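Note: the block below is upload.cif and it holds mmCIF, C-alpha atoms.
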data_protein
#
loop_
_atom_site.label_atom_id
_atom_site.label_comp_id
_atom_site.auth_asym_id
_atom_site.auth_seq_id
_atom_site.Cartn_x
_atom_site.Cartn_y
_atom_site.Cartn_z
CA MET O 500 6.86 -20.47 15.35
CA ALA O 501 7.37 -18.69 18.64
CA HIS O 502 8.64 -15.12 18.63
CA GLU O 503 11.58 -14.45 20.90
CA SER O 504 11.91 -11.34 23.01
CA ALA O 505 14.78 -9.03 22.15
CA SER O 506 17.60 -8.92 24.72
CA SER O 507 17.40 -6.33 27.46
CA GLY O 508 20.50 -4.53 26.17
CA PRO O 509 22.27 -1.59 27.82
CA ASP O 510 20.83 0.88 30.30
CA ARG O 511 18.94 3.46 28.23
CA ARG O 512 18.00 5.96 30.96
CA ILE O 513 17.16 9.39 29.56
CA GLY O 514 16.13 12.82 30.80
CA ARG O 515 12.66 13.30 32.25
CA SER O 516 11.43 15.93 29.75
CA ARG O 517 9.27 14.58 26.95
CA VAL O 518 10.12 11.13 28.25
CA ALA O 519 7.54 9.18 26.28
CA ASP O 520 8.47 10.97 23.02
CA GLN O 521 12.13 10.20 23.55
CA ILE O 522 11.35 6.54 24.22
CA VAL O 523 9.26 6.41 21.05
CA ASP O 524 12.18 7.90 19.08
CA ASP O 525 14.64 5.43 20.58
CA LEU O 526 12.45 2.36 20.03
CA ARG O 527 11.61 3.51 16.49
CA GLU O 528 15.33 3.77 15.71
CA ARG O 529 15.93 0.31 17.17
CA ILE O 530 13.12 -1.08 15.00
CA LEU O 531 14.13 0.65 11.76
CA SER O 532 17.80 -0.25 12.25
CA GLY O 533 16.89 -3.93 12.62
CA GLU O 534 17.98 -4.21 16.25
CA LEU O 535 14.33 -5.09 16.96
CA PRO O 536 13.45 -7.00 13.77
CA ASN O 537 10.04 -7.48 12.23
CA GLY O 538 8.14 -10.15 14.19
CA ALA O 539 10.21 -9.79 17.37
CA ARG O 540 8.40 -9.42 20.66
CA LEU O 541 9.24 -6.23 22.52
CA PRO O 542 10.72 -6.69 26.00
CA ALA O 543 8.07 -6.80 28.70
CA GLU O 544 6.72 -3.53 30.08
CA ARG O 545 8.63 -3.96 33.36
CA GLU O 546 11.88 -4.69 31.50
CA LEU O 547 11.49 -1.61 29.29
CA ALA O 548 10.65 0.51 32.33
CA GLU O 549 13.89 -0.62 33.95
CA GLN O 550 15.92 0.02 30.79
CA TYR O 551 14.65 3.58 30.47
CA GLY O 552 14.23 4.34 34.17
CA VAL O 553 10.56 5.31 33.86
CA SER O 554 7.16 4.12 35.03
CA GLY O 555 5.07 1.44 33.38
CA ALA O 556 2.50 4.08 32.43
CA THR O 557 5.14 5.96 30.39
CA ILE O 558 6.11 2.76 28.57
CA ARG O 559 2.45 2.02 27.80
CA GLU O 560 2.06 5.50 26.33
CA ALA O 561 5.14 5.04 24.14
CA VAL O 562 3.96 1.65 22.92
CA ARG O 563 0.53 3.07 22.07
CA VAL O 564 2.23 5.68 19.87
CA LEU O 565 4.28 3.00 18.12
CA ALA O 566 1.11 1.00 17.52
CA THR O 567 -0.63 4.06 16.07
CA ILE O 568 2.13 4.60 13.50
CA GLY O 569 2.12 0.93 12.53
CA LEU O 570 5.46 -0.17 14.00
CA VAL O 571 4.04 -2.34 16.80
CA ASP O 572 1.07 -4.66 17.18
CA VAL O 573 -0.22 -4.96 20.74
CA ARG O 574 -1.71 -8.40 21.35
CA HIS O 575 -3.46 -8.54 24.70
CA GLY O 576 -2.21 -11.45 26.74
CA ALA O 577 0.70 -12.14 24.36
CA GLY O 578 2.75 -8.94 24.32
CA SER O 579 3.74 -6.31 21.77
CA PHE O 580 5.31 -7.36 18.47
CA VAL O 581 7.28 -5.42 15.87
CA THR O 582 5.35 -4.98 12.62
CA ALA O 583 7.84 -2.89 10.65
CA GLU O 584 6.53 -3.71 7.16
CA PRO O 585 6.85 -1.11 4.37
CA ASP O 586 3.23 -1.56 3.28
CA THR O 587 1.95 -0.87 6.79
CA MET O 588 4.11 2.18 7.41
CA ILE O 589 3.38 3.75 4.03
CA GLY O 590 -0.29 2.84 4.27
CA MET O 591 -0.69 4.50 7.66
CA SER O 592 0.86 7.71 6.31
CA ILE O 593 -1.25 7.84 3.16
CA ALA O 594 -4.45 6.94 4.99
CA SER O 595 -3.81 9.76 7.46
CA VAL O 596 -3.33 12.31 4.68
CA VAL O 597 -6.49 11.14 2.90
CA ARG O 598 -8.53 11.64 6.04
CA LEU O 599 -6.91 14.85 7.30
CA GLU O 600 -6.74 16.67 3.96
CA GLY O 601 -9.94 15.34 2.42
CA VAL O 602 -8.08 13.80 -0.50
CA GLY O 603 -10.44 12.60 -3.20
CA ALA O 604 -10.58 9.88 -5.83
CA ARG O 605 -9.03 11.90 -8.64
CA GLU O 606 -6.01 12.75 -6.50
CA VAL O 607 -5.50 9.10 -5.51
CA LEU O 608 -5.91 7.85 -9.07
CA GLY O 609 -3.63 10.61 -10.35
CA LEU O 610 -0.91 9.72 -7.86
CA LEU O 611 -1.09 6.06 -8.82
CA GLY O 612 -0.80 7.04 -12.48
CA ALA O 613 2.33 9.08 -11.78
CA LEU O 614 3.91 6.26 -9.78
CA ASN O 615 3.00 3.66 -12.41
CA ARG O 616 4.53 5.91 -15.06
CA HIS O 617 7.86 5.81 -13.26
CA ALA O 618 7.51 2.08 -12.54
CA ALA O 619 6.92 1.34 -16.23
CA GLN O 620 9.94 3.42 -17.24
CA GLU O 621 12.10 1.57 -14.72
CA ALA O 622 10.72 -1.77 -15.88
CA ALA O 623 11.57 -0.91 -19.49
CA ARG O 624 15.14 -0.23 -18.39
CA HIS O 625 15.76 -2.94 -15.81
CA ALA O 626 13.24 -5.82 -15.97
CA THR O 627 14.44 -9.15 -17.31
CA ASP O 628 12.80 -10.75 -20.34
CA GLU O 629 11.24 -13.33 -18.03
CA GLU O 630 9.77 -10.64 -15.81
CA ILE O 631 8.26 -8.80 -18.76
CA ALA O 632 6.84 -12.10 -20.00
CA SER O 633 5.16 -12.54 -16.61
CA LEU O 634 3.63 -9.06 -16.98
CA ARG O 635 2.19 -10.07 -20.37
CA ALA O 636 0.84 -13.31 -18.92
CA ALA O 637 -0.87 -11.33 -16.15
CA ALA O 638 -2.43 -8.97 -18.72
CA GLU O 639 -3.65 -11.79 -20.97
CA LYS O 640 -5.56 -13.39 -18.09
CA LEU O 641 -7.90 -10.39 -18.31
CA ALA O 642 -8.74 -10.82 -22.00
CA VAL O 643 -12.08 -12.42 -21.08
CA ILE O 644 -13.94 -11.56 -17.87
CA ASN O 645 -16.54 -14.06 -16.67
CA ASP O 646 -16.18 -13.82 -12.91
CA ILE O 647 -15.88 -10.61 -10.89
CA ASP O 648 -13.90 -12.13 -8.01
CA ARG O 649 -11.42 -13.88 -10.31
CA ALA O 650 -11.02 -10.81 -12.50
CA THR O 651 -10.49 -8.63 -9.42
CA GLU O 652 -7.61 -10.82 -8.27
CA ASP O 653 -6.12 -10.95 -11.78
CA LEU O 654 -6.34 -7.18 -12.15
CA ARG O 655 -4.70 -6.65 -8.78
CA ALA O 656 -1.93 -9.09 -9.77
CA PHE O 657 -1.29 -7.29 -13.07
CA MET O 658 -1.03 -3.88 -11.44
CA ARG O 659 1.22 -5.17 -8.68
CA ARG O 660 3.46 -6.92 -11.19
CA MET O 661 4.19 -3.64 -12.96
CA SER O 662 5.75 -2.15 -9.84
CA GLU O 663 7.49 -5.38 -8.83
CA ILE O 664 9.49 -5.61 -12.07
CA SER O 665 10.62 -2.00 -11.73
CA HIS O 666 13.20 -3.17 -9.17
CA ASN O 667 12.52 -0.05 -7.11
CA ALA O 668 11.99 -0.97 -3.46
CA LEU O 669 10.13 2.27 -2.68
CA LEU O 670 7.77 2.07 -5.65
CA VAL O 671 6.61 -1.46 -4.86
CA PRO O 672 4.72 -0.81 -1.58
CA LEU O 673 3.46 2.58 -2.77
CA CYS O 674 2.05 1.22 -6.03
CA ARG O 675 0.75 -1.95 -4.39
CA LEU O 676 -1.32 -0.08 -1.83
CA LEU O 677 -2.73 2.47 -4.28
CA ALA O 678 -3.37 -0.13 -6.98
CA ASP O 679 -5.31 -2.30 -4.54
CA VAL O 680 -7.42 0.69 -3.52
CA GLN O 681 -8.05 1.59 -7.17
CA VAL O 682 -9.24 -1.95 -7.89
CA GLU O 683 -11.50 -1.90 -4.82
CA LEU O 684 -12.87 1.48 -5.87
CA ALA O 685 -13.63 0.10 -9.33
CA VAL O 686 -15.40 -2.91 -7.85
CA GLU O 687 -17.40 -0.73 -5.44
CA LEU O 688 -18.47 1.69 -8.16
CA SER O 689 -19.43 -1.12 -10.53
CA GLY O 690 -22.13 -1.99 -7.99
CA GLY O 691 -21.26 -5.68 -8.25
CA ARG O 692 -22.82 -5.83 -11.73
CA MET O 693 -21.01 -7.94 -14.31
CA ALA O 694 -21.95 -5.65 -17.19
CA GLU O 695 -20.39 -2.63 -15.48
CA TRP O 696 -17.32 -4.58 -14.38
CA ARG O 697 -16.75 -5.77 -17.92
CA ARG O 698 -17.15 -2.22 -19.19
CA VAL O 699 -14.59 -0.89 -16.72
CA ALA O 700 -12.03 -3.70 -16.39
CA GLY O 701 -12.64 -5.13 -19.85
CA GLY O 702 -12.55 -1.70 -21.43
CA LEU O 703 -8.95 -1.32 -20.35
CA HIS O 704 -7.66 -4.55 -21.89
CA GLU O 705 -6.20 -3.02 -25.05
CA HIS O 706 -4.49 -0.36 -22.95
CA ARG O 707 -2.95 -3.02 -20.69
CA ILE O 708 -1.61 -4.86 -23.73
CA ALA O 709 -0.26 -1.61 -25.18
CA LEU O 710 1.48 -0.96 -21.88
CA VAL O 711 3.10 -4.40 -21.95
CA GLU O 712 4.24 -3.88 -25.54
CA ALA O 713 5.76 -0.53 -24.60
CA VAL O 714 7.76 -2.16 -21.79
CA GLU O 715 8.77 -4.97 -24.16
CA SER O 716 10.15 -2.35 -26.56
CA ARG O 717 12.57 -1.25 -23.82
CA SER O 718 11.59 2.35 -24.49
CA PRO O 719 10.99 4.34 -21.27
CA GLU O 720 9.32 7.06 -23.36
CA ARG O 721 6.81 4.64 -24.90
CA ALA O 722 6.19 3.06 -21.51
CA ALA O 723 5.43 6.46 -19.96
CA GLU O 724 3.01 7.35 -22.76
CA ALA O 725 1.25 3.99 -22.47
CA VAL O 726 0.75 4.42 -18.72
CA ASP O 727 -0.56 7.96 -19.21
CA THR O 728 -3.16 6.68 -21.68
CA HIS O 729 -4.11 3.72 -19.48
CA SER O 730 -4.40 5.85 -16.32
CA ALA O 731 -6.53 8.56 -17.95
CA HIS O 732 -8.90 5.99 -19.45
CA ALA O 733 -9.11 4.04 -16.17
CA SER O 734 -10.04 7.17 -14.25
CA ARG O 735 -12.76 8.07 -16.74
CA LEU O 736 -14.28 4.60 -16.71
CA ILE O 737 -14.20 4.15 -12.93
CA LEU O 738 -15.75 7.53 -12.19
CA SER O 739 -18.42 7.36 -14.89
CA THR O 740 -20.45 4.41 -13.61
CA PRO O 741 -24.06 4.95 -12.47
CA GLN O 742 -23.02 3.90 -8.95
CA ALA O 743 -20.24 6.51 -8.98
CA LYS O 744 -22.79 9.26 -9.51
CA LYS O 745 -24.84 8.03 -6.54
CA VAL O 746 -21.78 7.84 -4.28
CA GLN O 747 -20.59 11.27 -5.38
CA ALA O 748 -23.91 12.84 -4.45
CA ALA O 749 -23.32 11.87 -0.80
CA ASP O 750 -19.52 12.00 -0.80
CA PRO O 751 -18.38 14.49 -3.50
CA GLY O 752 -14.70 13.61 -3.43
CA TYR O 753 -15.21 9.94 -2.45
CA THR O 754 -13.08 10.86 0.56
CA ARG O 755 -15.05 8.89 3.15
CA LEU O 756 -15.22 5.87 0.85
CA LEU O 757 -11.46 6.00 0.21
CA ALA O 758 -10.64 6.50 3.89
CA GLY O 759 -12.68 3.40 4.70
CA MET O 760 -10.86 1.41 2.04
CA PHE O 761 -7.43 2.43 3.33
CA THR O 762 -8.45 1.65 6.91
CA ALA O 763 -9.85 -1.74 5.92
CA ARG O 764 -6.64 -2.67 4.09
CA LEU O 765 -4.48 -1.75 7.06
CA ALA O 766 -6.75 -3.57 9.50
CA GLY O 767 -6.63 -6.64 7.30
#
Mind turning this structure into structure tokens?
Amino acid sequence: MAHESASSGPDRRIGRSRVADQIVDDLRERILSGELPNGARLPAERELAEQYGVSGATIREAVRVLATIGLVDVRHGAGSFVTAEPDTMIGMSIASVVRLEGVGAREVLGLLGALNRHAAQEAARHATDEEIASLRAAAEKLAVINDIDRATEDLRAFMRRMSEISHNALLVPLCRLLADVQVELAVELSGGRMAEWRRVAGGLHEHRIALVEAVESRSPERAAEAVDTHSAHASRLILSTPQAKKVQAADPGYTRLLAGMFTARLAG
């Protein structure tokens, strides 16, 4: 399906100081307000230059900034397209903090635990019976683990489902990104060995079921306690593998490994 360029719109000439920054601010507002919707092709460089009364070089600089923050995808030969997806925008921000501040595995896992705690409480309050049943079905798929790839997808689906049934639009992309990274970290630190993967992913099965039962009880307090237990046990298992000790020797906080995982997810 072809993407259509947004209309040229009114004359948007602005002052010459900090021109590129002002153009970035204006285009970002147009994107976030929906005037330039996700998937739309930005007007051509010449058209934008005429709108804002600036040179093509200034427009290229502004577009590069928008691409860096995940709002635009520049496709050489095709144009620049709006990519205003919550996962991308949140992912870019978190990945930047991980790299700039040297955030480690325990911090990432701890943040996911806190977010999942809130998601489970919200699910206990607001999820429908059918949604909670789908969470149980996702958990029960992990009762027996015979294939790492299949189990990885099932684990990712279970963790994503928890946030989805919370009915909180902000929690969903946050939890989804961090949960995916946690699963990838677990796979990486298992060294691709079935015995380790069963110990880590399989060792959490009773905690996943307890979490589902807590949500089924409609008790936010029970749900919070179940997530706390699950998260603490998951962190211990993931970071106690033989491969984890080897990785930690070269990368004490797992920061480089995590940064690579975040970058890979955004690139994908």
- Task: Select, from O:Arg764, O:Arg517, O:His575, O:Arg721, the residue with the minimum atom-to-atom distance to Met591 in chain O, counting all atoms listed in the file.
- Result: O:Arg764
- Close residues, range 621-625 of chain O itself excluded, 12 Å, all atoms listed in the file, min 2 positions apart in chain, as a PyMOL selection string: chain O and resi 614-619+627-632+634+660-668+670-671+710-723+725
Residues at most 9 Å from Ala700 in chain O, counting all atoms listed in the file, excluding those fewer than 3 positions away in the same chain, as a compact mmCIF listing (two decimals) with C-alpha atoms, in the frame of the given file?
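The resulting around21.txt:
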# COMPACT_ATOMS: atom_id res chain seq x y z
CA LEU O 641 -7.90 -10.39 -18.31
CA ILE O 644 -13.94 -11.56 -17.87
CA ALA O 650 -11.02 -10.81 -12.50
CA THR O 651 -10.49 -8.63 -9.42
CA LEU O 654 -6.34 -7.18 -12.15
CA ALA O 685 -13.63 0.10 -9.33
CA GLU O 695 -20.39 -2.63 -15.48
CA TRP O 696 -17.32 -4.58 -14.38
CA ARG O 697 -16.75 -5.77 -17.92
CA LEU O 703 -8.95 -1.32 -20.35
CA HIS O 704 -7.66 -4.55 -21.89
CA ALA O 733 -9.11 4.04 -16.17
CA LEU O 736 -14.28 4.60 -16.71
CA ILE O 737 -14.20 4.15 -12.93
Please write out, as JSON, where the centre of an axis-aligned box around all listed atoms of range 552-565 of chain O lies and how long its edges are, in Å to one decimal, after adding 4 Å on each side.
{"center_x": 7.4, "center_y": 3.7, "center_z": 26.6, "size_x": 21.7, "size_y": 12.5, "size_z": 24.9}
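With all atoms listed in the file as the basis for measurement, O:Gly603 is the residue among O:Val686, O:Ile708, O:Gly603, O:Asp679 that approaches Arg755 in chain O most closely.
Residue nearest Ala731 in chain O within the list O:Leu535, O:Ala566, O:Ala613, O:Val602: O:Ala613 [criterion: smallest interatomic distance, all atoms listed in the file].
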- Message: For the provided coordinates, the residues matched by the PyMOL selection byres ((chain O and resi 684) around 9) should be stated as a ChimeraX atom specification.
- Response: /O:604,679-683,685-689,737,756-757,760
- Surrounding residues of Ala543 in chain O excluding itself and chain neighbours under 3 positions, 8 Å, all atoms listed in the file, as an MDAnalysis selection string: chainID O and resid 546:547 578
Atoms kept (C-alpha atoms) for selection, written as an mmCIF file, keeping the file's coordinate frame:
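Below is the file result-v6.cif, written as the result:
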data_model
loop_
_atom_site.group_PDB
_atom_site.id
_atom_site.type_symbol
_atom_site.label_atom_id
_atom_site.label_comp_id
_atom_site.auth_asym_id
_atom_site.auth_seq_id
_atom_site.Cartn_x
_atom_site.Cartn_y
_atom_site.Cartn_z
ATOM 1 C CA GLU O 546 11.880 -4.690 31.500
ATOM 2 C CA LEU O 547 11.490 -1.610 29.290
ATOM 3 C CA GLY O 578 2.750 -8.940 24.320
#
Translate the PyMOL selection byres ((chain O and resi 530) around 10), as applied to the file shown, into an explicit residue set as a short mmCIF file (atom, residue, chain, number, x, y, z; two decimals) with C-alpha atoms, in the frame of the given file.
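Below is the file that was written, result_19.cif:
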data_model
loop_
_atom_site.label_atom_id
_atom_site.label_comp_id
_atom_site.auth_asym_id
_atom_site.auth_seq_id
_atom_site.Cartn_x
_atom_site.Cartn_y
_atom_site.Cartn_z
CA ASP O 524 12.18 7.90 19.08
CA ASP O 525 14.64 5.43 20.58
CA LEU O 526 12.45 2.36 20.03
CA ARG O 527 11.61 3.51 16.49
CA GLU O 528 15.33 3.77 15.71
CA ARG O 529 15.93 0.31 17.17
CA LEU O 531 14.13 0.65 11.76
CA SER O 532 17.80 -0.25 12.25
CA GLY O 533 16.89 -3.93 12.62
CA GLU O 534 17.98 -4.21 16.25
CA LEU O 535 14.33 -5.09 16.96
CA PRO O 536 13.45 -7.00 13.77
CA ASN O 537 10.04 -7.48 12.23
CA ALA O 539 10.21 -9.79 17.37
CA LEU O 541 9.24 -6.23 22.52
CA LEU O 570 5.46 -0.17 14.00
CA VAL O 571 4.04 -2.34 16.80
CA VAL O 581 7.28 -5.42 15.87
CA THR O 582 5.35 -4.98 12.62
CA ALA O 583 7.84 -2.89 10.65
#
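Among the candidate residues O:Leu610, O:Ile647, O:Glu544, O:Gln747, the one lying nearest to Ala556 in chain O is O:Glu544, with distances computed using only C-alpha atoms.
Going from CA of His729 in chain O to CA of His706 in chain O covers 5.4 Å.
Among the candidate residues O:Pro672, O:Arg563, O:Ala743, O:Ser554, the one lying nearest to Glu584 in chain O is O:Pro672, with distances computed using only C-alpha atoms.
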- Item | Gap from CA of Arg735 in chain O to CA of Ala594 in chain O - Å, one decimal | 23.3 Å
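Residue nearest Val643 in chain O within the list O:His732, O:Arg698, O:Lys744, O:Arg655: O:Arg698 [criterion: smallest interatomic distance, only C-alpha atoms].
Taking CA of Ser595 in chain O as the reference point, CA of Gly759 in chain O is found at 11.3 Å.
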